[in-house]
file start-v1.txt (compact mmCIF, N, CA and C atoms)
# COMPACT_ATOMS: atom_id res chain seq x y z
N MET A 1 0.85 -1.18 0.00
CA MET A 1 0.00 0.00 0.00
C MET A 1 0.90 1.24 0.00
N THR A 2 0.62 2.15 -0.92
CA THR A 2 1.39 3.39 -1.00
C THR A 2 0.90 4.39 0.05
N PRO A 3 1.69 5.40 0.37
CA PRO A 3 1.21 6.44 1.28
C PRO A 3 -0.06 7.12 0.75
N ASP A 4 -0.14 7.33 -0.56
CA ASP A 4 -1.34 7.95 -1.12
C ASP A 4 -2.57 7.07 -0.87
N GLU A 5 -2.42 5.77 -1.03
CA GLU A 5 -3.54 4.85 -0.76
C GLU A 5 -3.90 4.84 0.72
N LYS A 6 -2.89 4.88 1.57
CA LYS A 6 -3.13 4.89 3.01
C LYS A 6 -3.99 6.10 3.41
N TYR A 7 -3.60 7.29 2.96
CA TYR A 7 -4.33 8.49 3.36
C TYR A 7 -5.66 8.62 2.64
N MET A 8 -5.76 8.07 1.43
CA MET A 8 -7.07 8.05 0.78
C MET A 8 -8.00 7.13 1.56
N GLY A 9 -7.45 6.08 2.14
CA GLY A 9 -8.24 5.21 3.01
C GLY A 9 -8.80 5.98 4.20
N GLU A 10 -8.02 6.90 4.74
CA GLU A 10 -8.50 7.76 5.83
C GLU A 10 -9.62 8.68 5.33
N ALA A 11 -9.47 9.21 4.13
CA ALA A 11 -10.52 10.05 3.54
C ALA A 11 -11.79 9.23 3.32
N LEU A 12 -11.63 7.98 2.90
CA LEU A 12 -12.79 7.11 2.73
C LEU A 12 -13.51 6.86 4.06
N ARG A 13 -12.76 6.75 5.15
CA ARG A 13 -13.39 6.61 6.47
C ARG A 13 -14.23 7.83 6.80
N GLU A 14 -13.71 9.00 6.48
CA GLU A 14 -14.48 10.23 6.69
C GLU A 14 -15.74 10.22 5.82
N ALA A 15 -15.61 9.77 4.58
CA ALA A 15 -16.76 9.73 3.67
C ALA A 15 -17.84 8.79 4.21
N ARG A 16 -17.42 7.68 4.79
CA ARG A 16 -18.39 6.75 5.38
C ARG A 16 -19.13 7.39 6.55
N LYS A 17 -18.44 8.21 7.33
CA LYS A 17 -19.10 8.95 8.42
C LYS A 17 -20.19 9.85 7.85
N ALA A 18 -19.87 10.52 6.74
CA ALA A 18 -20.87 11.39 6.11
C ALA A 18 -22.09 10.57 5.70
N ALA A 19 -21.87 9.43 5.07
CA ALA A 19 -22.98 8.58 4.63
C ALA A 19 -23.84 8.14 5.82
N GLU A 20 -23.20 7.78 6.92
CA GLU A 20 -23.94 7.37 8.12
C GLU A 20 -24.82 8.50 8.66
N GLU A 21 -24.41 9.74 8.41
CA GLU A 21 -25.16 10.90 8.87
C GLU A 21 -26.17 11.41 7.83
N GLY A 22 -26.27 10.69 6.70
CA GLY A 22 -27.19 11.10 5.64
C GLY A 22 -26.65 12.19 4.75
N GLU A 23 -25.36 12.43 4.84
CA GLU A 23 -24.70 13.45 4.01
C GLU A 23 -24.13 12.78 2.76
N ILE A 24 -23.94 13.55 1.71
CA ILE A 24 -23.25 13.03 0.53
C ILE A 24 -21.87 12.55 0.97
N PRO A 25 -21.53 11.31 0.68
CA PRO A 25 -20.32 10.71 1.25
C PRO A 25 -19.01 11.13 0.59
N ILE A 26 -18.57 12.28 1.00
CA ILE A 26 -17.26 12.79 0.56
C ILE A 26 -16.46 13.06 1.83
N GLY A 27 -15.22 12.58 1.82
CA GLY A 27 -14.34 12.77 2.97
C GLY A 27 -13.00 13.32 2.54
N ALA A 28 -12.34 14.00 3.48
CA ALA A 28 -11.06 14.63 3.18
C ALA A 28 -10.15 14.58 4.40
N VAL A 29 -8.85 14.45 4.15
CA VAL A 29 -7.84 14.62 5.19
C VAL A 29 -6.70 15.45 4.61
N ILE A 30 -6.07 16.22 5.47
CA ILE A 30 -4.90 17.00 5.08
C ILE A 30 -3.72 16.50 5.89
N VAL A 31 -2.64 16.19 5.17
CA VAL A 31 -1.48 15.53 5.76
C VAL A 31 -0.22 16.36 5.50
N SER A 32 0.65 16.39 6.49
CA SER A 32 1.98 16.98 6.33
C SER A 32 2.98 16.12 7.07
N ARG A 33 4.01 15.72 6.37
CA ARG A 33 5.10 14.92 6.95
C ARG A 33 4.58 13.70 7.71
N GLY A 34 3.63 13.00 7.12
CA GLY A 34 3.12 11.77 7.70
C GLY A 34 2.14 11.95 8.85
N ARG A 35 1.68 13.17 9.07
CA ARG A 35 0.75 13.44 10.17
C ARG A 35 -0.52 14.08 9.63
N ILE A 36 -1.66 13.56 10.04
CA ILE A 36 -2.94 14.15 9.64
C ILE A 36 -3.16 15.40 10.48
N LEU A 37 -3.27 16.54 9.80
CA LEU A 37 -3.47 17.82 10.48
C LEU A 37 -4.93 18.20 10.58
N GLY A 38 -5.72 17.71 9.64
CA GLY A 38 -7.14 18.05 9.63
C GLY A 38 -7.90 17.03 8.83
N SER A 39 -9.15 16.83 9.21
CA SER A 39 -10.01 15.91 8.47
C SER A 39 -11.42 16.46 8.50
N GLY A 40 -12.22 15.95 7.58
CA GLY A 40 -13.60 16.38 7.54
C GLY A 40 -14.41 15.58 6.55
N HIS A 41 -15.70 15.70 6.68
CA HIS A 41 -16.63 15.11 5.72
C HIS A 41 -17.77 16.09 5.53
N ASN A 42 -18.52 15.88 4.49
CA ASN A 42 -19.62 16.80 4.21
C ASN A 42 -20.53 16.94 5.42
N MET A 43 -20.90 18.18 5.72
CA MET A 43 -21.79 18.47 6.85
C MET A 43 -22.83 19.52 6.46
N THR A 44 -23.16 19.57 5.18
CA THR A 44 -24.08 20.61 4.70
C THR A 44 -25.47 20.48 5.28
N GLU A 45 -25.90 19.26 5.55
CA GLU A 45 -27.23 19.03 6.12
C GLU A 45 -27.22 19.28 7.63
N ARG A 46 -26.21 18.76 8.29
CA ARG A 46 -26.16 18.86 9.75
C ARG A 46 -26.02 20.31 10.22
N LEU A 47 -25.23 21.13 9.53
CA LEU A 47 -24.91 22.45 10.07
C LEU A 47 -26.02 23.51 9.94
N PRO A 48 -26.93 23.62 9.15
CA PRO A 48 -27.03 23.51 7.70
C PRO A 48 -26.28 24.69 7.05
N ASP A 49 -25.37 24.33 6.19
CA ASP A 49 -24.46 25.31 5.60
C ASP A 49 -23.99 24.78 4.25
N ALA A 50 -24.35 25.47 3.19
CA ALA A 50 -23.99 25.03 1.84
C ALA A 50 -22.48 24.98 1.61
N THR A 51 -21.71 25.68 2.44
CA THR A 51 -20.25 25.69 2.27
C THR A 51 -19.55 24.63 3.13
N ALA A 52 -20.28 23.83 3.86
CA ALA A 52 -19.67 22.86 4.78
C ALA A 52 -19.28 21.58 4.05
N HIS A 53 -18.46 21.75 3.02
CA HIS A 53 -17.94 20.61 2.26
C HIS A 53 -16.75 20.00 3.02
N ALA A 54 -16.46 18.75 2.72
CA ALA A 54 -15.37 18.03 3.39
C ALA A 54 -14.05 18.80 3.32
N GLU A 55 -13.74 19.34 2.14
CA GLU A 55 -12.48 20.04 1.95
C GLU A 55 -12.39 21.28 2.85
N VAL A 56 -13.48 22.03 2.92
CA VAL A 56 -13.50 23.27 3.72
C VAL A 56 -13.33 22.93 5.20
N ILE A 57 -14.02 21.89 5.66
CA ILE A 57 -13.90 21.47 7.06
C ILE A 57 -12.45 21.06 7.35
N ALA A 58 -11.83 20.31 6.43
CA ALA A 58 -10.45 19.86 6.61
C ALA A 58 -9.47 21.03 6.57
N ILE A 59 -9.69 21.99 5.68
CA ILE A 59 -8.81 23.17 5.61
C ILE A 59 -8.85 23.92 6.94
N THR A 60 -10.05 24.14 7.46
CA THR A 60 -10.19 24.86 8.73
C THR A 60 -9.44 24.14 9.85
N ALA A 61 -9.61 22.82 9.93
CA ALA A 61 -8.92 22.05 10.97
C ALA A 61 -7.40 22.11 10.80
N ALA A 62 -6.93 22.00 9.56
CA ALA A 62 -5.48 21.99 9.32
C ALA A 62 -4.86 23.36 9.59
N THR A 63 -5.52 24.43 9.18
CA THR A 63 -4.96 25.76 9.44
C THR A 63 -4.96 26.05 10.94
N ASP A 64 -5.95 25.54 11.66
CA ASP A 64 -5.93 25.66 13.12
C ASP A 64 -4.74 24.90 13.70
N ALA A 65 -4.48 23.70 13.17
CA ALA A 65 -3.40 22.86 13.68
C ALA A 65 -2.02 23.50 13.47
N VAL A 66 -1.84 24.17 12.34
CA VAL A 66 -0.53 24.78 12.06
C VAL A 66 -0.48 26.25 12.45
N ALA A 67 -1.61 26.79 12.88
CA ALA A 67 -1.72 28.20 13.28
C ALA A 67 -1.22 29.12 12.17
N ALA A 68 -1.62 28.80 10.94
CA ALA A 68 -1.26 29.60 9.78
C ALA A 68 -2.31 29.41 8.70
N ARG A 69 -2.38 30.34 7.78
CA ARG A 69 -3.41 30.23 6.74
C ARG A 69 -2.95 29.47 5.50
N TYR A 70 -1.65 29.26 5.36
CA TYR A 70 -1.14 28.59 4.17
C TYR A 70 -0.77 27.14 4.48
N LEU A 71 -1.08 26.27 3.53
CA LEU A 71 -0.84 24.83 3.68
C LEU A 71 0.05 24.32 2.54
N ASN A 72 1.04 25.12 2.17
CA ASN A 72 1.84 24.77 0.99
C ASN A 72 2.71 23.52 1.19
N ASP A 73 2.92 23.08 2.42
CA ASP A 73 3.68 21.85 2.66
C ASP A 73 2.76 20.66 2.93
N CYS A 74 1.50 20.80 2.57
CA CYS A 74 0.50 19.78 2.90
C CYS A 74 -0.10 19.16 1.64
N THR A 75 -0.67 17.97 1.85
CA THR A 75 -1.42 17.27 0.80
C THR A 75 -2.84 17.06 1.28
N LEU A 76 -3.79 17.40 0.43
CA LEU A 76 -5.20 17.11 0.67
C LEU A 76 -5.53 15.80 -0.03
N TYR A 77 -6.13 14.88 0.70
CA TYR A 77 -6.68 13.65 0.13
C TYR A 77 -8.17 13.78 0.22
N VAL A 78 -8.85 13.70 -0.92
CA VAL A 78 -10.31 13.84 -0.93
C VAL A 78 -10.88 12.79 -1.87
N THR A 79 -12.00 12.21 -1.47
CA THR A 79 -12.55 11.07 -2.20
C THR A 79 -13.11 11.42 -3.56
N VAL A 80 -13.57 12.66 -3.74
CA VAL A 80 -14.14 13.09 -5.01
C VAL A 80 -13.49 14.42 -5.41
N GLU A 81 -13.32 14.60 -6.70
CA GLU A 81 -12.75 15.84 -7.23
C GLU A 81 -13.42 17.06 -6.61
N PRO A 82 -12.63 18.02 -6.13
CA PRO A 82 -13.23 19.21 -5.52
C PRO A 82 -14.09 20.01 -6.50
N CYS A 83 -15.12 20.63 -5.95
CA CYS A 83 -15.97 21.54 -6.73
C CYS A 83 -15.24 22.88 -6.90
N PRO A 84 -15.76 23.78 -7.73
CA PRO A 84 -15.11 25.08 -7.91
C PRO A 84 -14.97 25.87 -6.60
N MET A 85 -15.97 25.81 -5.72
CA MET A 85 -15.87 26.54 -4.45
C MET A 85 -14.69 26.02 -3.63
N CYS A 86 -14.58 24.70 -3.53
CA CYS A 86 -13.49 24.11 -2.75
C CYS A 86 -12.14 24.35 -3.42
N ALA A 87 -12.11 24.31 -4.75
CA ALA A 87 -10.87 24.60 -5.47
C ALA A 87 -10.41 26.02 -5.16
N GLY A 88 -11.35 26.95 -5.09
CA GLY A 88 -11.01 28.32 -4.73
C GLY A 88 -10.44 28.41 -3.32
N ALA A 89 -11.07 27.71 -2.38
CA ALA A 89 -10.56 27.70 -1.00
C ALA A 89 -9.18 27.05 -0.93
N LEU A 90 -8.98 26.00 -1.71
CA LEU A 90 -7.67 25.35 -1.75
C LEU A 90 -6.62 26.28 -2.36
N ASN A 91 -7.02 27.06 -3.33
CA ASN A 91 -6.13 28.06 -3.91
C ASN A 91 -5.69 29.05 -2.84
N TRP A 92 -6.66 29.60 -2.11
CA TRP A 92 -6.35 30.59 -1.08
C TRP A 92 -5.48 30.01 0.03
N SER A 93 -5.63 28.71 0.31
CA SER A 93 -4.80 28.08 1.34
C SER A 93 -3.41 27.71 0.80
N GLN A 94 -3.24 27.84 -0.52
CA GLN A 94 -1.99 27.49 -1.20
C GLN A 94 -1.56 26.04 -0.90
N ILE A 95 -2.55 25.14 -0.90
CA ILE A 95 -2.26 23.73 -0.66
C ILE A 95 -1.19 23.26 -1.65
N GLY A 96 -0.25 22.48 -1.16
CA GLY A 96 0.85 22.04 -2.01
C GLY A 96 0.47 20.95 -3.00
N ARG A 97 -0.44 20.08 -2.58
CA ARG A 97 -0.77 18.92 -3.41
C ARG A 97 -2.19 18.48 -3.11
N ILE A 98 -2.88 18.04 -4.15
CA ILE A 98 -4.22 17.49 -4.02
C ILE A 98 -4.22 16.10 -4.64
N VAL A 99 -4.74 15.13 -3.89
CA VAL A 99 -4.92 13.78 -4.38
C VAL A 99 -6.40 13.47 -4.25
N TYR A 100 -7.04 13.17 -5.38
CA TYR A 100 -8.45 12.80 -5.28
C TYR A 100 -8.72 11.47 -5.94
N GLY A 101 -9.80 10.85 -5.46
CA GLY A 101 -10.16 9.52 -5.93
C GLY A 101 -10.96 9.56 -7.22
N ALA A 102 -12.24 9.86 -7.11
CA ALA A 102 -13.15 9.82 -8.25
C ALA A 102 -13.30 11.20 -8.88
N PRO A 103 -13.39 11.25 -10.21
CA PRO A 103 -13.71 12.54 -10.85
C PRO A 103 -15.17 12.89 -10.60
N ASP A 104 -15.48 14.16 -10.69
CA ASP A 104 -16.88 14.60 -10.59
C ASP A 104 -17.27 15.18 -11.94
N PRO A 105 -17.90 14.37 -12.80
CA PRO A 105 -18.19 14.81 -14.16
C PRO A 105 -19.28 15.88 -14.25
N ARG A 106 -19.96 16.16 -13.14
CA ARG A 106 -21.02 17.16 -13.15
C ARG A 106 -20.63 18.48 -12.49
N ARG A 107 -19.81 18.39 -11.43
CA ARG A 107 -19.51 19.60 -10.66
C ARG A 107 -18.05 19.76 -10.30
N GLY A 108 -17.18 18.95 -10.85
CA GLY A 108 -15.75 19.05 -10.53
C GLY A 108 -15.14 20.33 -11.08
N TYR A 109 -14.14 20.84 -10.37
CA TYR A 109 -13.50 22.09 -10.76
C TYR A 109 -12.90 22.03 -12.16
N SER A 110 -12.42 20.85 -12.58
CA SER A 110 -11.74 20.75 -13.87
C SER A 110 -12.67 20.98 -15.05
N LEU A 111 -13.99 20.88 -14.83
CA LEU A 111 -14.95 21.20 -15.89
C LEU A 111 -14.93 22.68 -16.21
N TYR A 112 -14.60 23.47 -15.22
CA TYR A 112 -14.64 24.91 -15.36
C TYR A 112 -13.28 25.45 -15.79
N THR A 113 -12.31 25.25 -14.94
CA THR A 113 -10.94 25.62 -15.29
C THR A 113 -9.99 25.12 -14.21
N PRO A 114 -8.96 24.41 -14.61
CA PRO A 114 -7.96 24.00 -13.63
C PRO A 114 -7.24 25.20 -13.01
N ALA A 115 -7.36 26.37 -13.63
CA ALA A 115 -6.70 27.58 -13.11
C ALA A 115 -7.30 28.04 -11.78
N LEU A 116 -8.39 27.39 -11.33
CA LEU A 116 -8.93 27.73 -10.01
C LEU A 116 -7.94 27.39 -8.90
N LEU A 117 -7.06 26.44 -9.14
CA LEU A 117 -6.08 26.03 -8.13
C LEU A 117 -4.87 26.95 -8.17
N HIS A 118 -4.15 26.97 -7.07
CA HIS A 118 -2.89 27.73 -7.01
C HIS A 118 -1.94 27.17 -8.06
N PRO A 119 -1.18 28.03 -8.74
CA PRO A 119 -0.31 27.55 -9.82
C PRO A 119 0.74 26.53 -9.38
N LYS A 120 1.12 26.52 -8.12
CA LYS A 120 2.13 25.58 -7.64
C LYS A 120 1.54 24.27 -7.11
N THR A 121 0.23 24.18 -7.05
CA THR A 121 -0.41 22.98 -6.53
C THR A 121 -0.28 21.82 -7.52
N GLU A 122 0.18 20.69 -7.02
CA GLU A 122 0.25 19.48 -7.83
C GLU A 122 -1.03 18.69 -7.61
N VAL A 123 -1.49 18.01 -8.66
CA VAL A 123 -2.73 17.23 -8.57
C VAL A 123 -2.48 15.81 -9.05
N LEU A 124 -2.96 14.86 -8.27
CA LEU A 124 -2.94 13.44 -8.65
C LEU A 124 -4.37 12.94 -8.53
N GLN A 125 -4.88 12.35 -9.59
CA GLN A 125 -6.25 11.86 -9.57
C GLN A 125 -6.28 10.34 -9.72
N GLY A 126 -7.37 9.75 -9.27
CA GLY A 126 -7.60 8.33 -9.51
C GLY A 126 -7.13 7.38 -8.42
N VAL A 127 -6.70 7.88 -7.27
CA VAL A 127 -6.26 6.99 -6.19
C VAL A 127 -7.48 6.36 -5.52
N LEU A 128 -7.55 5.06 -5.54
CA LEU A 128 -8.69 4.28 -5.02
C LEU A 128 -10.01 4.79 -5.61
N SER A 129 -9.97 5.12 -6.88
CA SER A 129 -11.12 5.75 -7.55
C SER A 129 -12.38 4.88 -7.52
N GLU A 130 -12.23 3.58 -7.67
CA GLU A 130 -13.43 2.72 -7.69
C GLU A 130 -14.14 2.74 -6.34
N ALA A 131 -13.39 2.64 -5.26
CA ALA A 131 -14.00 2.67 -3.93
C ALA A 131 -14.63 4.03 -3.65
N CYS A 132 -13.96 5.09 -4.07
CA CYS A 132 -14.47 6.45 -3.85
C CYS A 132 -15.76 6.67 -4.64
N ALA A 133 -15.77 6.26 -5.89
CA ALA A 133 -16.95 6.43 -6.74
C ALA A 133 -18.11 5.58 -6.25
N ALA A 134 -17.82 4.37 -5.81
CA ALA A 134 -18.88 3.46 -5.36
C ALA A 134 -19.64 4.03 -4.16
N LEU A 135 -18.96 4.69 -3.26
CA LEU A 135 -19.64 5.28 -2.10
C LEU A 135 -20.71 6.28 -2.55
N VAL A 136 -20.33 7.14 -3.47
CA VAL A 136 -21.27 8.17 -3.94
C VAL A 136 -22.39 7.54 -4.77
N THR A 137 -22.04 6.64 -5.66
CA THR A 137 -23.03 5.98 -6.50
C THR A 137 -24.05 5.21 -5.65
N ASP A 138 -23.56 4.45 -4.70
CA ASP A 138 -24.45 3.67 -3.82
C ASP A 138 -25.34 4.59 -2.99
N PHE A 139 -24.79 5.69 -2.53
CA PHE A 139 -25.56 6.66 -1.72
C PHE A 139 -26.76 7.18 -2.53
N PHE A 140 -26.49 7.59 -3.78
CA PHE A 140 -27.58 8.15 -4.58
C PHE A 140 -28.55 7.08 -5.08
N LYS A 141 -28.07 5.87 -5.31
CA LYS A 141 -28.99 4.77 -5.66
C LYS A 141 -29.97 4.51 -4.53
N ALA A 142 -29.49 4.56 -3.30
CA ALA A 142 -30.36 4.34 -2.15
C ALA A 142 -31.36 5.49 -1.96
N LYS A 143 -30.94 6.69 -2.31
CA LYS A 143 -31.82 7.87 -2.17
C LYS A 143 -32.89 7.92 -3.26
N ARG A 144 -32.50 7.46 -4.46
CA ARG A 144 -33.39 7.55 -5.62
C ARG A 144 -33.57 6.17 -6.24
N PRO A 145 -34.33 5.31 -5.58
CA PRO A 145 -34.48 3.93 -6.10
C PRO A 145 -35.24 3.86 -7.43

call {"tool": "encode", "arguments": {"input": "start-v1.txt", "output": "structure tokens"}}
result
Amino acid sequence: MTPDEKYMGEALREARKAAEEGEIPIGAVIVSRGRILGSGHNMTERLPDATAHAEVIAITAATDAVAARYLNDCTLYVTVEPCPMCAGALNWSQIGRIVYGAPDPRRGYSLYTPALLHPKTEVLQGVLSEACAALVTDFFKAKRP
């Protein structure tokens, strides 16, 4: 198991928490030097807050952990491609690297413009993509039989 798979597994655990709470099952963790600094899952229903996406929750936790607004030495692991709003927040945090599992063909940031991310941010897609996609697909199948 690679480090990317290990931390995506942690993001998948967060996504499962979201599903258990009736939220769209997307999870995220932010890691630096082998340590998880922040984690989160969608909480838009619970809070109720349209901006309470997994990535935003994880960014807030990680910036609190490092007591700084920039995360340029960190990697975000997220189960689904970030939306444009989250991509903008990741840009402002200057996240160093993004690893995501499943693409989001309807609302992913790359549909709009990859320039939403900070120019120095590296992106790796497709890590544990089948498991990440299955969580979301199964969630919506159960909601819309």

call {"tool": "closest_residue", "arguments": {"input": "start-v1.txt", "among": "A:Ala102, A:Leu124, A:Met1, A:Ile59", "to": "Ala89 (chain A)", "atoms": "only N, CA and C atoms"}}
result
A:Ile59

call {"tool": "closest_residue", "arguments": {"input": "start-v1.txt", "among": "A:Ala67, A:Cys132, A:Met43, A:Ile36", "to": "Tyr100 (chain A)", "atoms": "only N, CA and C atoms"}}
result
A:Cys132

call {"tool": "select_by_dssp", "arguments": {"input": "start-v1.txt", "residues": "region 83-139 of chain A", "states": "helix (DSSP H, G or I)", "output": "MDAnalysis selection string"}}
result
chainID A and resid 84:93 109:111 114:116 129:139

call {"tool": "write_last_selection", "arguments": {"input": "start-v1.txt", "atoms": "N, CA and C atoms", "output": "PDB file, in the frame of the given file"}}
result
ATOM      1  N   PRO A  84     -15.760  23.780  -7.730  1.00  0.00           N
ATOM      2  CA  PRO A  84     -15.110  25.080  -7.910  1.00  0.00           C
ATOM      3  C   PRO A  84     -14.970  25.870  -6.600  1.00  0.00           C
ATOM      4  N   MET A  85     -15.970  25.810  -5.720  1.00  0.00           N
ATOM      5  CA  MET A  85     -15.870  26.540  -4.450  1.00  0.00           C
ATOM      6  C   MET A  85     -14.690  26.020  -3.630  1.00  0.00           C
ATOM      7  N   CYS A  86     -14.580  24.700  -3.530  1.00  0.00           N
ATOM      8  CA  CYS A  86     -13.490  24.110  -2.750  1.00  0.00           C
ATOM      9  C   CYS A  86     -12.140  24.350  -3.420  1.00  0.00           C
ATOM     10  N   ALA A  87     -12.110  24.310  -4.750  1.00  0.00           N
ATOM     11  CA  ALA A  87     -10.870  24.600  -5.470  1.00  0.00           C
ATOM     12  C   ALA A  87     -10.410  26.020  -5.160  1.00  0.00           C
ATOM     13  N   GLY A  88     -11.350  26.950  -5.090  1.00  0.00           N
ATOM     14  CA  GLY A  88     -11.010  28.320  -4.730  1.00  0.00           C
ATOM     15  C   GLY A  88     -10.440  28.410  -3.320  1.00  0.00           C
ATOM     16  N   ALA A  89     -11.070  27.710  -2.380  1.00  0.00           N
ATOM     17  CA  ALA A  89     -10.560  27.700  -1.000  1.00  0.00           C
ATOM     18  C   ALA A  89      -9.180  27.050  -0.930  1.00  0.00           C
ATOM     19  N   LEU A  90      -8.980  26.000  -1.710  1.00  0.00           N
ATOM     20  CA  LEU A  90      -7.670  25.350  -1.750  1.00  0.00           C
ATOM     21  C   LEU A  90      -6.620  26.280  -2.360  1.00  0.00           C
ATOM     22  N   ASN A  91      -7.020  27.060  -3.330  1.00  0.00           N
ATOM     23  CA  ASN A  91      -6.130  28.060  -3.910  1.00  0.00           C
ATOM     24  C   ASN A  91      -5.690  29.050  -2.840  1.00  0.00           C
ATOM     25  N   TRP A  92      -6.660  29.600  -2.110  1.00  0.00           N
ATOM     26  CA  TRP A  92      -6.350  30.590  -1.080  1.00  0.00           C
ATOM     27  C   TRP A  92      -5.480  30.010   0.030  1.00  0.00           C
ATOM     28  N   SER A  93      -5.630  28.710   0.310  1.00  0.00           N
ATOM     29  CA  SER A  93      -4.800  28.080   1.340  1.00  0.00           C
ATOM     30  C   SER A  93      -3.410  27.710   0.800  1.00  0.00           C
ATOM     31  N   TYR A 109     -14.140  20.840 -10.370  1.00  0.00           N
ATOM     32  CA  TYR A 109     -13.500  22.090 -10.760  1.00  0.00           C
ATOM     33  C   TYR A 109     -12.900  22.030 -12.160  1.00  0.00           C
ATOM     34  N   SER A 110     -12.420  20.850 -12.580  1.00  0.00           N
ATOM     35  CA  SER A 110     -11.740  20.750 -13.870  1.00  0.00           C
ATOM     36  C   SER A 110     -12.670  20.980 -15.050  1.00  0.00           C
ATOM     37  N   LEU A 111     -13.990  20.880 -14.830  1.00  0.00           N
ATOM     38  CA  LEU A 111     -14.950  21.200 -15.890  1.00  0.00           C
ATOM     39  C   LEU A 111     -14.930  22.680 -16.210  1.00  0.00           C
ATOM     40  N   PRO A 114      -8.960  24.410 -14.610  1.00  0.00           N
ATOM     41  CA  PRO A 114      -7.960  24.000 -13.630  1.00  0.00           C
ATOM     42  C   PRO A 114      -7.240  25.200 -13.010  1.00  0.00           C
ATOM     43  N   ALA A 115      -7.360  26.370 -13.630  1.00  0.00           N
ATOM     44  CA  ALA A 115      -6.700  27.580 -13.110  1.00  0.00           C
ATOM     45  C   ALA A 115      -7.300  28.040 -11.780  1.00  0.00           C
ATOM     46  N   LEU A 116      -8.390  27.390 -11.330  1.00  0.00           N
ATOM     47  CA  LEU A 116      -8.930  27.730 -10.010  1.00  0.00           C
ATOM     48  C   LEU A 116      -7.940  27.390  -8.900  1.00  0.00           C
ATOM     49  N   SER A 129      -9.970   5.120  -6.880  1.00  0.00           N
ATOM     50  CA  SER A 129     -11.120   5.750  -7.550  1.00  0.00           C
ATOM     51  C   SER A 129     -12.380   4.880  -7.520  1.00  0.00           C
ATOM     52  N   GLU A 130     -12.230   3.580  -7.670  1.00  0.00           N
ATOM     53  CA  GLU A 130     -13.430   2.720  -7.690  1.00  0.00           C
ATOM     54  C   GLU A 130     -14.140   2.740  -6.340  1.00  0.00           C
ATOM     55  N   ALA A 131     -13.390   2.640  -5.260  1.00  0.00           N
ATOM     56  CA  ALA A 131     -14.000   2.670  -3.930  1.00  0.00           C
ATOM     57  C   ALA A 131     -14.630   4.030  -3.650  1.00  0.00           C
ATOM     58  N   CYS A 132     -13.960   5.090  -4.070  1.00  0.00           N
ATOM     59  CA  CYS A 132     -14.470   6.450  -3.850  1.00  0.00           C
ATOM     60  C   CYS A 132     -15.760   6.670  -4.640  1.00  0.00           C
ATOM     61  N   ALA A 133     -15.770   6.260  -5.890  1.00  0.00           N
ATOM     62  CA  ALA A 133     -16.950   6.430  -6.740  1.00  0.00           C
ATOM     63  C   ALA A 133     -18.110   5.580  -6.250  1.00  0.00           C
ATOM     64  N   ALA A 134     -17.820   4.370  -5.810  1.00  0.00           N
ATOM     65  CA  ALA A 134     -18.880   3.460  -5.360  1.00  0.00           C
ATOM     66  C   ALA A 134     -19.640   4.030  -4.160  1.00  0.00           C
ATOM     67  N   LEU A 135     -18.960   4.690  -3.260  1.00  0.00           N
ATOM     68  CA  LEU A 135     -19.640   5.280  -2.100  1.00  0.00           C
ATOM     69  C   LEU A 135     -20.710   6.280  -2.550  1.00  0.00           C
ATOM     70  N   VAL A 136     -20.330   7.140  -3.470  1.00  0.00           N
ATOM     71  CA  VAL A 136     -21.270   8.170  -3.940  1.00  0.00           C
ATOM     72  C   VAL A 136     -22.390   7.540  -4.770  1.00  0.00           C
ATOM     73  N   THR A 137     -22.040   6.640  -5.660  1.00  0.00           N
ATOM     74  CA  THR A 137     -23.030   5.980  -6.500  1.00  0.00           C
ATOM     75  C   THR A 137     -24.050   5.210  -5.650  1.00  0.00           C
ATOM     76  N   ASP A 138     -23.560   4.450  -4.700  1.00  0.00           N
ATOM     77  CA  ASP A 138     -24.450   3.670  -3.820  1.00  0.00           C
ATOM     78  C   ASP A 138     -25.340   4.590  -2.990  1.00  0.00           C
ATOM     79  N   PHE A 139     -24.790   5.690  -2.530  1.00  0.00           N
ATOM     80  CA  PHE A 139     -25.560   6.660  -1.720  1.00  0.00           C
ATOM     81  C   PHE A 139     -26.760   7.180  -2.530  1.00  0.00           C
TER      82      PHE A 139
END

call {"tool": "residues_around", "arguments": {"input": "start-v1.txt", "residues": "Asn42 (chain A)", "least_positions_apart": "2", "cutoff": "6 Å", "atoms": "all atoms listed in the file", "output": "ChimeraX atom specification"}}
result
/A:18,23-24,26-27,40,44-45,52-54

call {"tool": "write_last_selection", "arguments": {"input": "start-v1.txt", "atoms": "N, CA and C atoms", "output": "compact mmCIF listing (two decimals), in the frame of the given file"}}
result
# COMPACT_ATOMS: atom_id res chain seq x y z
N ALA A 18 -19.87 10.52 6.74
CA ALA A 18 -20.87 11.39 6.11
C ALA A 18 -22.09 10.57 5.70
N GLU A 23 -25.36 12.43 4.84
CA GLU A 23 -24.70 13.45 4.01
C GLU A 23 -24.13 12.78 2.76
N ILE A 24 -23.94 13.55 1.71
CA ILE A 24 -23.25 13.03 0.53
C ILE A 24 -21.87 12.55 0.97
N ILE A 26 -18.57 12.28 1.00
CA ILE A 26 -17.26 12.79 0.56
C ILE A 26 -16.46 13.06 1.83
N GLY A 27 -15.22 12.58 1.82
CA GLY A 27 -14.34 12.77 2.97
C GLY A 27 -13.00 13.32 2.54
N GLY A 40 -12.22 15.95 7.58
CA GLY A 40 -13.60 16.38 7.54
C GLY A 40 -14.41 15.58 6.55
N THR A 44 -23.16 19.57 5.18
CA THR A 44 -24.08 20.61 4.70
C THR A 44 -25.47 20.48 5.28
N GLU A 45 -25.90 19.26 5.55
CA GLU A 45 -27.23 19.03 6.12
C GLU A 45 -27.22 19.28 7.63
N ALA A 52 -20.28 23.83 3.86
CA ALA A 52 -19.67 22.86 4.78
C ALA A 52 -19.28 21.58 4.05
N HIS A 53 -18.46 21.75 3.02
CA HIS A 53 -17.94 20.61 2.26
C HIS A 53 -16.75 20.00 3.02
N ALA A 54 -16.46 18.75 2.72
CA ALA A 54 -15.37 18.03 3.39
C ALA A 54 -14.05 18.80 3.32
